[in-house]
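Okay, upload.txt now, which holds compact mmCIF, C-alpha atoms:
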# COMPACT_ATOMS: atom_id res chain seq x y z
CA MET A 19 -61.41 45.80 -12.52
CA LYS A 20 -64.65 47.55 -11.68
CA LEU A 21 -65.29 50.66 -13.71
CA ASP A 22 -65.40 53.74 -11.49
CA ARG A 23 -68.41 55.75 -12.62
CA ARG A 24 -66.80 58.92 -11.37
CA ASN A 25 -63.92 58.26 -13.72
CA PHE A 26 -66.29 57.62 -16.62
CA MET A 27 -68.09 60.91 -15.98
CA GLY A 28 -64.75 62.69 -15.87
CA VAL A 29 -63.68 61.20 -19.16
CA SER A 30 -67.00 62.19 -20.75
CA ALA A 31 -66.71 65.75 -19.49
CA ALA A 32 -63.19 66.01 -20.82
CA MET A 33 -64.27 64.77 -24.23
CA LEU A 34 -67.20 67.19 -24.33
CA ALA A 35 -64.93 70.06 -23.37
CA ALA A 36 -62.45 69.10 -26.09
CA GLY A 37 -65.25 68.91 -28.63
CA SER A 38 -66.54 72.35 -27.61
CA ALA A 39 -63.07 73.80 -27.91
CA ARG A 40 -62.64 72.43 -31.40
CA ALA A 41 -66.09 73.70 -32.37
CA ALA A 42 -65.13 77.15 -31.13
CA GLY A 43 -62.05 77.14 -33.28
CA VAL A 44 -59.62 77.01 -30.37
CA GLU A 45 -57.96 73.99 -31.97
CA THR A 46 -58.33 72.11 -35.23
CA ASP A 47 -59.11 68.42 -35.15
CA PRO A 48 -56.56 66.88 -37.56
CA ILE A 49 -58.76 63.89 -38.37
CA LYS A 50 -62.17 65.56 -38.51
CA ASP A 51 -62.52 65.09 -42.27
CA MET A 52 -60.53 61.86 -42.57
CA ILE A 53 -61.91 58.37 -42.94
CA VAL A 54 -60.09 56.52 -40.15
CA ILE A 55 -60.10 52.73 -40.39
CA ASN A 56 -58.58 50.39 -37.84
CA ALA A 57 -57.87 47.23 -39.85
CA LEU A 58 -57.86 45.17 -36.63
CA GLY A 59 -58.99 46.47 -33.29
CA GLY A 60 -61.94 46.33 -31.01
CA LEU A 61 -64.68 48.15 -29.19
CA GLY A 62 -64.77 47.14 -25.56
CA ASP A 63 -63.80 48.21 -22.07
CA PRO A 64 -60.64 46.40 -20.93
CA ASN A 65 -61.30 47.66 -17.39
CA GLN A 66 -64.22 45.29 -17.03
CA PRO A 67 -63.49 41.83 -15.59
CA ALA A 68 -64.33 38.70 -17.55
CA GLY A 69 -68.00 37.86 -17.18
CA SER A 70 -68.97 41.42 -16.31
CA LEU A 71 -72.63 42.32 -16.76
CA VAL A 72 -71.63 45.65 -18.35
CA PRO A 73 -72.38 45.32 -22.10
CA GLN A 74 -69.51 45.28 -24.57
CA PHE A 75 -70.77 48.46 -26.22
CA SER A 76 -71.23 50.39 -22.96
CA PRO A 77 -71.90 54.15 -22.88
CA ARG A 78 -68.23 54.77 -22.17
CA VAL A 79 -67.07 52.58 -25.05
CA LEU A 80 -69.44 54.22 -27.54
CA ALA A 81 -68.62 57.73 -26.34
CA GLU A 82 -64.88 57.13 -26.64
CA ALA A 83 -65.22 55.44 -30.02
CA HIS A 84 -66.96 58.55 -31.35
CA ALA A 85 -64.43 60.81 -29.64
CA SER A 86 -61.54 58.91 -31.24
CA GLY A 87 -62.70 59.78 -34.74
CA VAL A 88 -62.58 56.16 -35.92
CA THR A 89 -64.86 55.52 -38.90
CA ALA A 90 -64.69 51.73 -38.99
CA VAL A 91 -62.91 48.93 -37.18
CA ASN A 92 -62.35 45.26 -37.96
CA ILE A 93 -63.50 43.47 -34.79
CA THR A 94 -62.56 39.88 -34.06
CA ILE A 95 -65.52 37.55 -33.63
CA GLY A 96 -65.79 33.79 -33.63
CA TYR A 97 -63.41 31.07 -32.55
CA VAL A 98 -59.73 31.82 -31.91
CA SER A 99 -58.83 29.07 -29.45
CA GLY A 100 -60.36 26.95 -26.71
CA SER A 101 -62.53 23.88 -26.23
CA ASP A 102 -65.77 25.15 -27.80
CA ASP A 103 -66.86 23.89 -31.21
CA PRO A 104 -65.30 26.44 -33.62
CA PHE A 105 -68.23 26.47 -36.05
CA VAL A 106 -70.94 26.73 -33.39
CA GLN A 107 -69.09 29.40 -31.43
CA SER A 108 -68.51 31.46 -34.55
CA VAL A 109 -72.14 31.34 -35.71
CA ARG A 110 -73.28 32.26 -32.20
CA GLU A 111 -70.96 35.26 -31.98
CA VAL A 112 -72.07 36.58 -35.36
CA ALA A 113 -75.68 36.45 -34.13
CA GLU A 114 -74.81 38.03 -30.78
CA THR A 115 -72.90 40.87 -32.44
CA ASP A 116 -75.74 41.47 -34.91
CA ALA A 117 -78.10 41.84 -31.95
CA GLN A 118 -75.80 44.36 -30.29
CA VAL A 119 -75.52 46.39 -33.48
CA ARG A 120 -79.31 46.50 -33.78
CA ALA A 121 -79.59 47.57 -30.13
CA ASN A 122 -77.13 50.41 -30.74
CA SER A 123 -78.18 51.42 -34.25
CA ARG A 124 -77.78 55.13 -33.51
CA ASP A 125 -74.06 54.58 -32.94
CA LEU A 126 -73.08 51.48 -34.92
CA ILE A 127 -73.42 50.08 -38.42
CA LYS A 128 -72.43 46.65 -39.76
CA ILE A 129 -70.05 46.99 -42.69
CA LEU A 130 -70.66 44.82 -45.73
CA THR A 131 -69.28 47.00 -48.54
CA ALA A 132 -66.91 49.92 -48.97
CA ALA A 133 -69.98 52.13 -49.45
CA ASP A 134 -71.02 51.26 -45.89
CA ILE A 135 -67.75 52.73 -44.60
CA ARG A 136 -68.49 55.98 -46.42
CA ARG A 137 -72.02 55.88 -45.02
CA ALA A 138 -70.68 55.43 -41.48
CA LYS A 139 -68.58 58.57 -41.93
CA ALA A 140 -71.48 60.56 -43.39
CA GLU A 141 -73.87 59.52 -40.63
CA GLY A 142 -71.42 59.92 -37.76
CA LYS A 143 -71.56 56.23 -36.84
CA VAL A 144 -68.85 53.68 -36.12
CA GLY A 145 -68.68 50.87 -38.65
CA LEU A 146 -68.05 47.31 -37.47
CA ILE A 147 -66.30 44.96 -39.88
CA TYR A 148 -66.73 41.34 -38.83
CA GLY A 149 -63.51 39.36 -39.04
CA PHE A 150 -62.09 35.99 -38.02
CA GLN A 151 -58.59 35.39 -36.62
CA ASN A 152 -58.52 31.63 -37.13
CA GLY A 153 -59.93 29.50 -39.93
CA ALA A 154 -60.67 26.57 -37.62
CA MET A 155 -64.45 27.10 -37.99
CA MET A 156 -64.18 25.89 -41.57
CA GLY A 157 -63.69 22.35 -40.26
CA GLN A 158 -62.97 20.20 -43.29
CA ASP A 159 -65.68 21.73 -45.47
CA ALA A 160 -64.60 24.75 -47.51
CA SER A 161 -68.22 25.47 -48.44
CA GLN A 162 -68.57 26.89 -44.93
CA VAL A 163 -66.85 29.97 -46.31
CA GLU A 164 -70.13 30.74 -48.07
CA ILE A 165 -72.11 30.35 -44.85
CA PHE A 166 -70.03 32.94 -43.03
CA ALA A 167 -69.79 35.25 -46.03
CA ASN A 168 -73.59 35.26 -46.20
CA LEU A 169 -73.71 36.04 -42.48
CA GLY A 170 -71.65 39.15 -43.17
CA VAL A 171 -68.15 38.12 -42.14
CA ARG A 172 -65.89 40.15 -44.40
CA ILE A 173 -62.37 39.19 -43.29
CA PHE A 174 -61.05 35.63 -43.01
CA GLN A 175 -57.67 35.33 -41.30
CA LEU A 176 -56.40 31.88 -42.19
CA THR A 177 -54.41 30.97 -39.07
CA TYR A 178 -53.67 32.15 -35.58
CA ASN A 179 -50.16 31.57 -34.14
CA PRO A 180 -50.19 27.73 -34.19
CA ALA A 181 -50.84 25.55 -37.22
CA ASN A 182 -54.39 24.65 -38.17
CA GLN A 183 -56.00 22.67 -40.98
CA LEU A 184 -55.38 25.55 -43.45
CA GLY A 185 -51.70 26.20 -42.85
CA ASP A 186 -48.95 27.09 -40.41
CA GLY A 187 -49.11 30.07 -38.06
CA SER A 188 -46.16 32.26 -37.14
CA MET A 189 -45.19 30.04 -34.20
CA ALA A 190 -45.53 26.69 -36.00
CA PRO A 191 -41.96 25.28 -36.18
CA GLY A 192 -42.34 23.66 -39.60
CA ASN A 193 -43.18 26.79 -41.64
CA ARG A 194 -44.85 24.39 -44.09
CA GLY A 195 -47.12 26.80 -45.89
CA LEU A 196 -50.72 26.25 -46.97
CA THR A 197 -52.35 22.85 -46.93
CA PRO A 198 -54.43 21.66 -49.90
CA PHE A 199 -57.51 22.50 -47.83
CA GLY A 200 -56.10 25.97 -47.16
CA ARG A 201 -55.72 26.56 -50.88
CA GLU A 202 -59.34 25.52 -51.38
CA VAL A 203 -60.46 27.96 -48.69
CA VAL A 204 -58.53 30.79 -50.36
CA ALA A 205 -60.28 30.02 -53.65
CA ARG A 206 -63.68 30.03 -51.93
CA CYS A 207 -62.87 33.36 -50.26
CA ASN A 208 -62.00 34.81 -53.65
CA ALA A 209 -65.28 33.59 -55.08
CA GLN A 210 -67.22 35.13 -52.19
CA ARG A 211 -65.23 38.39 -52.33
CA VAL A 212 -64.09 38.33 -48.74
CA MET A 213 -60.65 39.46 -47.62
CA VAL A 214 -57.98 36.83 -47.10
CA ASP A 215 -55.91 38.03 -44.12
CA LEU A 216 -52.46 36.55 -43.43
CA SER A 217 -51.78 38.19 -40.07
CA HIS A 218 -50.33 35.66 -37.60
CA SER A 219 -49.39 33.27 -40.42
CA GLY A 220 -46.03 31.65 -41.03
CA GLU A 221 -43.91 33.08 -43.82
CA GLN A 222 -44.52 30.29 -46.33
CA THR A 223 -48.26 30.32 -45.65
CA CYS A 224 -48.35 34.03 -46.39
CA LEU A 225 -46.21 33.84 -49.52
CA GLU A 226 -48.21 30.94 -50.95
CA ALA A 227 -51.54 32.62 -50.23
CA ALA A 228 -50.40 35.84 -51.89
CA ARG A 229 -49.27 33.93 -54.98
CA ILE A 230 -52.33 31.71 -55.46
CA SER A 231 -55.06 34.19 -54.51
CA LYS A 232 -56.89 35.60 -57.50
CA GLN A 233 -57.52 38.75 -55.49
CA PRO A 234 -55.06 40.82 -53.44
CA ILE A 235 -54.61 39.65 -49.86
CA SER A 236 -54.06 41.61 -46.66
CA ILE A 237 -51.92 41.48 -43.54
CA ASN A 238 -54.16 43.56 -41.32
CA HIS A 239 -52.07 43.73 -38.15
CA THR A 240 -48.34 43.18 -38.16
CA GLY A 241 -44.93 44.77 -37.88
CA CYS A 242 -41.80 44.63 -40.03
CA ARG A 243 -39.31 41.88 -39.22
CA ALA A 244 -36.49 43.86 -40.83
CA VAL A 245 -36.99 46.45 -38.07
CA THR A 246 -37.71 44.03 -35.20
CA ASN A 247 -36.83 40.38 -35.74
CA LEU A 248 -39.75 38.55 -34.11
CA PRO A 249 -42.00 35.88 -35.68
CA ARG A 250 -45.19 37.95 -35.42
CA ASN A 251 -43.64 40.53 -37.71
CA LYS A 252 -43.53 40.03 -41.48
CA THR A 253 -40.44 39.68 -43.63
CA ASP A 254 -39.73 42.14 -46.42
CA ALA A 255 -40.46 39.34 -48.90
CA GLU A 256 -43.99 38.92 -47.51
CA LEU A 257 -44.71 42.64 -47.29
CA LYS A 258 -43.38 43.36 -50.77
CA LEU A 259 -45.24 40.50 -52.45
CA VAL A 260 -48.55 41.46 -50.82
CA ALA A 261 -48.11 45.09 -51.87
CA ASP A 262 -46.91 44.27 -55.39
CA ARG A 263 -50.11 42.25 -55.91
CA GLY A 264 -52.31 45.12 -54.79
CA GLY A 265 -52.79 44.14 -51.15
CA PHE A 266 -52.88 45.96 -47.83
CA ILE A 267 -50.60 45.98 -44.77
CA GLY A 268 -51.71 47.31 -41.39
CA ILE A 269 -49.13 48.14 -38.71
CA TYR A 270 -50.11 47.31 -35.14
CA PHE A 271 -49.51 49.06 -31.81
CA MET A 272 -48.04 45.99 -30.10
CA PRO A 273 -44.99 44.99 -28.04
CA PHE A 274 -43.52 43.14 -31.03
CA LEU A 275 -42.44 46.49 -32.52
CA ASP A 276 -39.36 46.59 -30.27
CA MET A 277 -37.12 43.81 -28.98
CA SER A 278 -37.48 45.09 -25.43
CA GLY A 279 -41.20 44.37 -25.58
CA HIS A 280 -41.88 47.91 -24.41
CA ALA A 281 -42.86 49.49 -27.71
CA ARG A 282 -43.41 53.23 -27.88
CA ALA A 283 -45.06 55.53 -30.38
CA GLU A 284 -41.71 56.11 -32.07
CA HIS A 285 -41.53 52.40 -32.86
CA VAL A 286 -44.97 52.47 -34.49
CA VAL A 287 -43.76 55.30 -36.71
CA ALA A 288 -40.53 53.45 -37.53
CA HIS A 289 -42.46 50.37 -38.69
CA ILE A 290 -44.92 52.45 -40.71
CA ASP A 291 -42.02 54.28 -42.32
CA HIS A 292 -40.22 51.05 -43.24
CA ALA A 293 -43.39 49.59 -44.72
CA VAL A 294 -44.08 52.73 -46.75
CA LYS A 295 -40.53 52.81 -48.12
CA LEU A 296 -40.70 49.11 -49.02
CA CYS A 297 -44.30 48.81 -50.23
CA GLY A 298 -45.24 52.31 -51.31
CA GLU A 299 -47.61 54.75 -49.66
CA ASP A 300 -50.70 53.20 -51.30
CA HIS A 301 -50.54 49.89 -49.42
CA VAL A 302 -49.89 50.72 -45.75
CA GLY A 303 -52.33 51.49 -42.97
CA ILE A 304 -52.98 50.73 -39.32
CA GLY A 305 -54.41 47.72 -37.50
CA THR A 306 -53.75 48.56 -33.87
CA ASP A 307 -54.82 45.21 -32.38
CA GLY A 308 -56.26 47.14 -29.45
CA THR A 309 -59.27 49.03 -28.19
CA VAL A 310 -59.90 52.76 -28.09
CA THR A 311 -60.86 52.63 -24.41
CA GLN A 312 -57.66 52.29 -22.43
CA ILE A 313 -56.70 50.62 -19.15
CA ASP A 314 -57.28 53.10 -16.33
CA ASP A 315 -55.02 51.47 -13.71
CA LEU A 316 -51.92 50.01 -15.32
CA LYS A 317 -50.47 48.81 -12.02
CA ALA A 318 -53.54 46.78 -11.16
CA TYR A 319 -53.70 45.49 -14.75
CA GLU A 320 -50.26 43.91 -14.50
CA ALA A 321 -51.62 41.10 -12.29
CA VAL A 322 -54.42 40.44 -14.80
CA LEU A 323 -51.94 40.49 -17.67
CA ALA A 324 -49.67 37.95 -16.00
CA LYS A 325 -52.59 35.51 -15.77
CA GLU A 326 -53.59 36.16 -19.39
CA ILE A 327 -50.07 35.51 -20.67
CA ALA A 328 -49.78 32.33 -18.59
CA ALA A 329 -53.10 31.10 -19.98
CA ARG A 330 -52.04 31.85 -23.56
CA GLN A 331 -48.75 30.02 -23.05
CA ALA A 332 -50.55 27.02 -21.53
CA ALA A 333 -52.92 26.93 -24.50
CA GLY A 334 -50.02 27.07 -26.96
CA ILE A 335 -51.26 30.23 -28.67
CA SER A 336 -48.78 32.85 -27.44
CA ALA A 337 -46.10 34.39 -29.63
CA LYS A 338 -42.43 34.98 -29.00
CA GLY A 339 -42.11 38.43 -27.44
CA GLU A 340 -45.19 38.12 -25.20
CA ARG A 341 -44.22 38.33 -21.54
CA PRO A 342 -46.01 39.27 -18.33
CA ASP A 343 -44.11 42.57 -18.32
CA THR A 344 -45.02 43.51 -21.91
CA TYR A 345 -48.29 45.38 -22.33
CA PRO A 346 -50.33 44.34 -25.41
CA PHE A 347 -50.48 47.99 -26.48
CA VAL A 348 -48.25 51.03 -26.85
CA VAL A 349 -48.44 52.99 -23.61
CA ASP A 350 -47.96 56.44 -25.16
CA LEU A 351 -50.28 55.79 -28.13
CA ARG A 352 -53.59 54.68 -26.65
CA GLY A 353 -56.96 56.05 -25.64
CA PRO A 354 -59.38 58.18 -27.68
CA ASP A 355 -56.62 60.47 -28.96
CA GLN A 356 -54.36 57.72 -30.32
CA PHE A 357 -55.10 58.47 -33.98
CA ARG A 358 -54.60 62.21 -33.53
CA LYS A 359 -51.28 61.57 -31.79
CA LEU A 360 -50.20 59.36 -34.66
CA VAL A 361 -51.06 62.10 -37.15
CA GLY A 362 -48.85 64.52 -35.23
CA LEU A 363 -45.96 62.07 -35.19
CA LEU A 364 -46.25 61.36 -38.91
CA ARG A 365 -46.36 65.06 -39.68
CA ALA A 366 -43.22 65.53 -37.60
CA LYS A 367 -41.66 62.76 -39.71
CA GLY A 368 -42.38 64.87 -42.80
CA TYR A 369 -45.42 63.00 -44.07
CA SER A 370 -47.84 65.06 -46.13
CA THR A 371 -51.52 65.33 -45.25
CA ALA A 372 -52.40 63.30 -48.36
CA ARG A 373 -50.09 60.48 -47.33
CA ILE A 374 -51.38 60.51 -43.77
CA GLU A 375 -54.97 60.29 -45.01
CA LYS A 376 -54.03 57.18 -46.96
CA ILE A 377 -52.38 55.55 -43.94
CA LEU A 378 -55.18 56.44 -41.52
CA GLY A 379 -57.87 54.87 -43.69
CA GLY A 380 -57.73 55.71 -47.37
CA ASN A 381 -55.61 52.73 -48.33
CA PHE A 382 -57.84 50.23 -46.53
CA LEU A 383 -60.91 51.79 -48.12
CA ALA A 384 -59.39 51.47 -51.60
CA TYR A 385 -58.46 47.85 -50.87
CA ALA A 386 -61.99 47.15 -49.58
CA GLU A 387 -63.43 48.52 -52.81
CA THR A 388 -61.26 46.08 -54.74
CA ILE A 389 -62.41 43.06 -52.71
CA TRP A 390 -65.97 43.87 -51.57
CA GLY A 391 -66.99 46.28 -54.29
CA ALA A 392 -67.81 49.96 -54.02
Can the structure in the file be given as structure tokens, please?
Amino acid sequence: MKLDRRNFMGVSAAMLAAGSARAAGVETDPIKDMIVINALGGLGDPNQPAGSLVPQFSPRVLAEAHASGVTAVNITIGYVSGSDDPFVQSVREVAETDAQVRANSRDLIKILTAADIRRAKAEGKVGLIYGFQNGAMMGQDASQVEIFANLGVRIFQLTYNPANQLGDGSMAPGNRGLTPFGREVVARCNAQRVMVDLSHSGEQTCLEAARISKQPISINHTGCRAVTNLPRNKTDAELKLVADRGGFIGIYFMPFLDMSGHARAEHVVAHIDHAVKLCGEDHVGIGTDGTVTQIDDLKAYEAVLAKEIAARQAAGISAKGERPDTYPFVVDLRGPDQFRKLVGLLRAKGYSTARIEKILGGNFLAYAETIWGA
């Protein structure tokens, strides 16, 4: 869909007006002083068609990222699926993203340490955390972990939905757990102090990784299977083991939060609440799995979505619960105000400001300090 410049200007004016109102004391921004970290998300304009000449970090995207109050976001780069060479594609995308960060240095900063997240907040920039969502680029050589760690990739998700050479994903029928090579990759990640992320993994893969890792692991974008019984959500056993070993769990804003596939903000809160009760308030955060910039025309998007779902199913990478009529986001918890809306809902649930600050970003920051260093 072609971005309507008139719409962009309207959005910008609205954001400026809201900012002026807050500055004048008409309203208080609930996240102004918070460090807000999206443990898996993105910066991009979903209104732009594939192959668009509009840059990923367009003026609209950057303006809305700032307006959202997000401090840092784990963006997916590198190979996830397809016919390209996983290693070559991943190296190329690291380089391309580095170039875009340099070109937008007034707005963006590449995150390598927890201190960089604090710096992003202090300087009013948006921090980009480079992360993988499939370990296929490791090939059969675990030393490639060092290559990507040295290139600044800070999060290594071991599998996507299918099985790969490291272990089984959530949709792999065998639920076989980690392979010997997967265990070697986990050890290399520990040595390089990068996060081992078990989002999308099968249950046994997650449990084994949590047990053998010498550092706490994360599940950066998931839901709770005890609340909604779908494979992309994690069992209580997985969530509890990760938390008990000092790890981090991020709850996503995805259709898998409700069996209908039409998840709402209330379902996000229900999954956060279950995770907090099970794991404790020091281990739960958010990993929306979506962008800040929202779809402008949902009706027109439905045709695009149907093609995307069909392509994912044909490639064997879709998950149970994905359908052409299920948006890959929560309709009433999207756009630049999504984090503020979540704060309001958590407050209505009785959550204290201190607990909300942990969920919005404090817990991920503490976990990052453990893995990356302060």
Would you write out, as CSV, a table of all residues in region 29-125 of chain A that have an atom no more than 12 Å from an atom of region 131-134 of chain A, listing for each the closest atom pair and the distance in Å to one decimal, considering all atoms listed in the file and ordering rows by chain and rising residue number?
residue,atom,partner,partner_atom,distance
A:Ile53,CA,A:Ala132,CA,11.5
A:Ile55,CA,A:Ala132,CA,11.3
A:Thr89,CA,A:Asp134,CA,10.2
A:Ala90,CA,A:Asp134,CA,9.4
Who sits within 9 Å of region 93-99 of chain A, all atoms listed in the file, same chain under 2 positions skipped, as a ChimeraX atom specification: /A:57-61,91,101-112,115,146-155,171,177-178,333,335
So how far away is CA of Tyr345 (chain A) from CA of Glu320 (chain A), in Å? 8.2 Å
Using Å and a single decimal, report how far CA of Ser370 (chain A) sits from CA of Asp262 (chain A). 22.8 Å
For Ile304 (chain A), which residue among A:Leu275, A:Ile269, A:Met156, A:Leu184 is the nearest when counting only C-alpha atoms?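 Using only C-alpha atoms, the shortest distance to Ile304 (chain A) belongs to A:Ile269.
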Which residue is closest to Gly185 (chain A)? Choose from A:Gly157, A:Gly379, A:Gly200, A:Pro234 and count all atoms listed in the file. A:Gly200
Closest of A:Lys258, A:Arg137, A:Lys338, A:Arg201 to His218 (chain A) - atom-to-atom distances counting all atoms listed in the file: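 Closest to His218 (chain A), using all atoms listed in the file: A:Lys338.
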Find the residues around Arg172 (chain A) up to 10 Å (all atoms listed in the file counted), leave out those fewer than 3 positions away in its own chain, and share them as a list in words. Asn92, Ile129, Leu130, Thr131, Ile147, Tyr148, Gly149, Phe150, Phe166, Ala167, Asn168, Leu169, Cys207, Gln210, Arg211, Val212, Met213, Val214, Ala386, Ile389 and Trp390 of chain A
CA of Ala261 (chain A) to CA of Glu299 (chain A), distance in Å rounded to a single decimal: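 Straight-line distance from CA of Ala261 (chain A) to CA of Glu299 (chain A) works out to 9.9 Å.
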So that I can see what lies close to region 45-52 of chain A, please list as a count of residues only the residues with an atom at most 12 Å from it, counting only C-alpha atoms and leaving out residues fewer than 2 positions away in the same chain. 46
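You can rank A:Ala138, A:Ala83, A:Val163, A:Val287 by their closest distance to Ala366 (chain A) using all atoms listed in the file, and at the top of that list sits A:Val287.
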Missing atoms of region 68-76 of chain A rebuilt to all heavy atoms, written as a PDB file, in the frame of the given file:
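Writing done, so here's rebuild.pdb:
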ATOM      1  N   ALA A  68     -63.651  39.731 -16.751  1.00  0.00           N
ATOM      2  CA  ALA A  68     -64.330  38.700 -17.550  1.00  0.00           C
ATOM      3  C   ALA A  68     -65.641  38.323 -16.892  1.00  0.00           C
ATOM      4  O   ALA A  68     -65.727  38.178 -15.675  1.00  0.00           O
ATOM      5  CB  ALA A  68     -63.433  37.473 -17.674  1.00  0.00           C
ATOM      6  N   GLY A  69     -66.689  38.213 -17.710  1.00  0.00           N
ATOM      7  CA  GLY A  69     -68.000  37.860 -17.180  1.00  0.00           C
ATOM      8  C   GLY A  69     -68.780  39.031 -16.617  1.00  0.00           C
ATOM      9  O   GLY A  69     -69.849  38.847 -16.033  1.00  0.00           O
ATOM     10  N   SER A  70     -68.267  40.239 -16.816  1.00  0.00           N
ATOM     11  CA  SER A  70     -68.970  41.420 -16.310  1.00  0.00           C
ATOM     12  C   SER A  70     -70.332  41.570 -16.968  1.00  0.00           C
ATOM     13  O   SER A  70     -70.523  41.225 -18.134  1.00  0.00           O
ATOM     14  CB  SER A  70     -68.124  42.671 -16.586  1.00  0.00           C
ATOM     15  OG  SER A  70     -68.860  43.840 -16.344  1.00  0.00           O
ATOM     16  N   LEU A  71     -71.293  42.101 -16.221  1.00  0.00           N
ATOM     17  CA  LEU A  71     -72.630  42.320 -16.760  1.00  0.00           C
ATOM     18  C   LEU A  71     -72.711  43.614 -17.575  1.00  0.00           C
ATOM     19  O   LEU A  71     -73.715  43.879 -18.228  1.00  0.00           O
ATOM     20  CB  LEU A  71     -73.653  42.380 -15.615  1.00  0.00           C
ATOM     21  CG  LEU A  71     -73.829  41.072 -14.823  1.00  0.00           C
ATOM     22  CD1 LEU A  71     -74.833  41.267 -13.695  1.00  0.00           C
ATOM     23  CD2 LEU A  71     -74.265  39.942 -15.736  1.00  0.00           C
ATOM     24  N   VAL A  72     -71.654  44.433 -17.541  1.00  0.00           N
ATOM     25  CA  VAL A  72     -71.630  45.650 -18.350  1.00  0.00           C
ATOM     26  C   VAL A  72     -71.533  45.232 -19.820  1.00  0.00           C
ATOM     27  O   VAL A  72     -70.676  44.425 -20.194  1.00  0.00           O
ATOM     28  CB  VAL A  72     -70.427  46.532 -17.977  1.00  0.00           C
ATOM     29  CG1 VAL A  72     -70.344  47.742 -18.899  1.00  0.00           C
ATOM     30  CG2 VAL A  72     -70.535  46.979 -16.523  1.00  0.00           C
ATOM     31  N   PRO A  73     -72.407  45.728 -20.691  1.00  0.00           N
ATOM     32  CA  PRO A  73     -72.380  45.320 -22.100  1.00  0.00           C
ATOM     33  C   PRO A  73     -71.093  45.725 -22.790  1.00  0.00           C
ATOM     34  O   PRO A  73     -70.444  46.704 -22.404  1.00  0.00           O
ATOM     35  CB  PRO A  73     -73.598  46.032 -22.698  1.00  0.00           C
ATOM     36  CG  PRO A  73     -73.836  47.200 -21.799  1.00  0.00           C
ATOM     37  CD  PRO A  73     -73.459  46.733 -20.422  1.00  0.00           C
ATOM     38  N   GLN A  74     -70.733  44.971 -23.825  1.00  0.00           N
ATOM     39  CA  GLN A  74     -69.510  45.280 -24.570  1.00  0.00           C
ATOM     40  C   GLN A  74     -69.535  46.720 -25.081  1.00  0.00           C
ATOM     41  O   GLN A  74     -68.567  47.460 -24.941  1.00  0.00           O
ATOM     42  CB  GLN A  74     -69.345  44.320 -25.744  1.00  0.00           C
ATOM     43  CG  GLN A  74     -68.135  44.631 -26.624  1.00  0.00           C
ATOM     44  CD  GLN A  74     -68.050  43.749 -27.837  1.00  0.00           C
ATOM     45  OE1 GLN A  74     -68.869  42.849 -28.022  1.00  0.00           O
ATOM     46  NE2 GLN A  74     -67.061  43.978 -28.685  1.00  0.00           N
ATOM     47  N   PHE A  75     -70.657  47.111 -25.673  1.00  0.00           N
ATOM     48  CA  PHE A  75     -70.770  48.460 -26.220  1.00  0.00           C
ATOM     49  C   PHE A  75     -71.432  49.353 -25.170  1.00  0.00           C
ATOM     50  O   PHE A  75     -72.550  49.828 -25.339  1.00  0.00           O
ATOM     51  CB  PHE A  75     -71.564  48.439 -27.520  1.00  0.00           C
ATOM     52  CG  PHE A  75     -70.962  47.522 -28.558  1.00  0.00           C
ATOM     53  CD1 PHE A  75     -71.745  46.624 -29.255  1.00  0.00           C
ATOM     54  CD2 PHE A  75     -69.603  47.556 -28.840  1.00  0.00           C
ATOM     55  CE1 PHE A  75     -71.203  45.778 -30.213  1.00  0.00           C
ATOM     56  CE2 PHE A  75     -69.047  46.707 -29.794  1.00  0.00           C
ATOM     57  CZ  PHE A  75     -69.843  45.817 -30.478  1.00  0.00           C
ATOM     58  N   SER A  76     -70.719  49.580 -24.074  1.00  0.00           N
ATOM     59  CA  SER A  76     -71.230  50.390 -22.960  1.00  0.00           C
ATOM     60  C   SER A  76     -71.236  51.860 -23.347  1.00  0.00           C
ATOM     61  O   SER A  76     -70.626  52.257 -24.349  1.00  0.00           O
ATOM     62  CB  SER A  76     -70.345  50.187 -21.733  1.00  0.00           C
ATOM     63  OG  SER A  76     -69.051  50.744 -21.971  1.00  0.00           O
TER      64      SER A  76
END
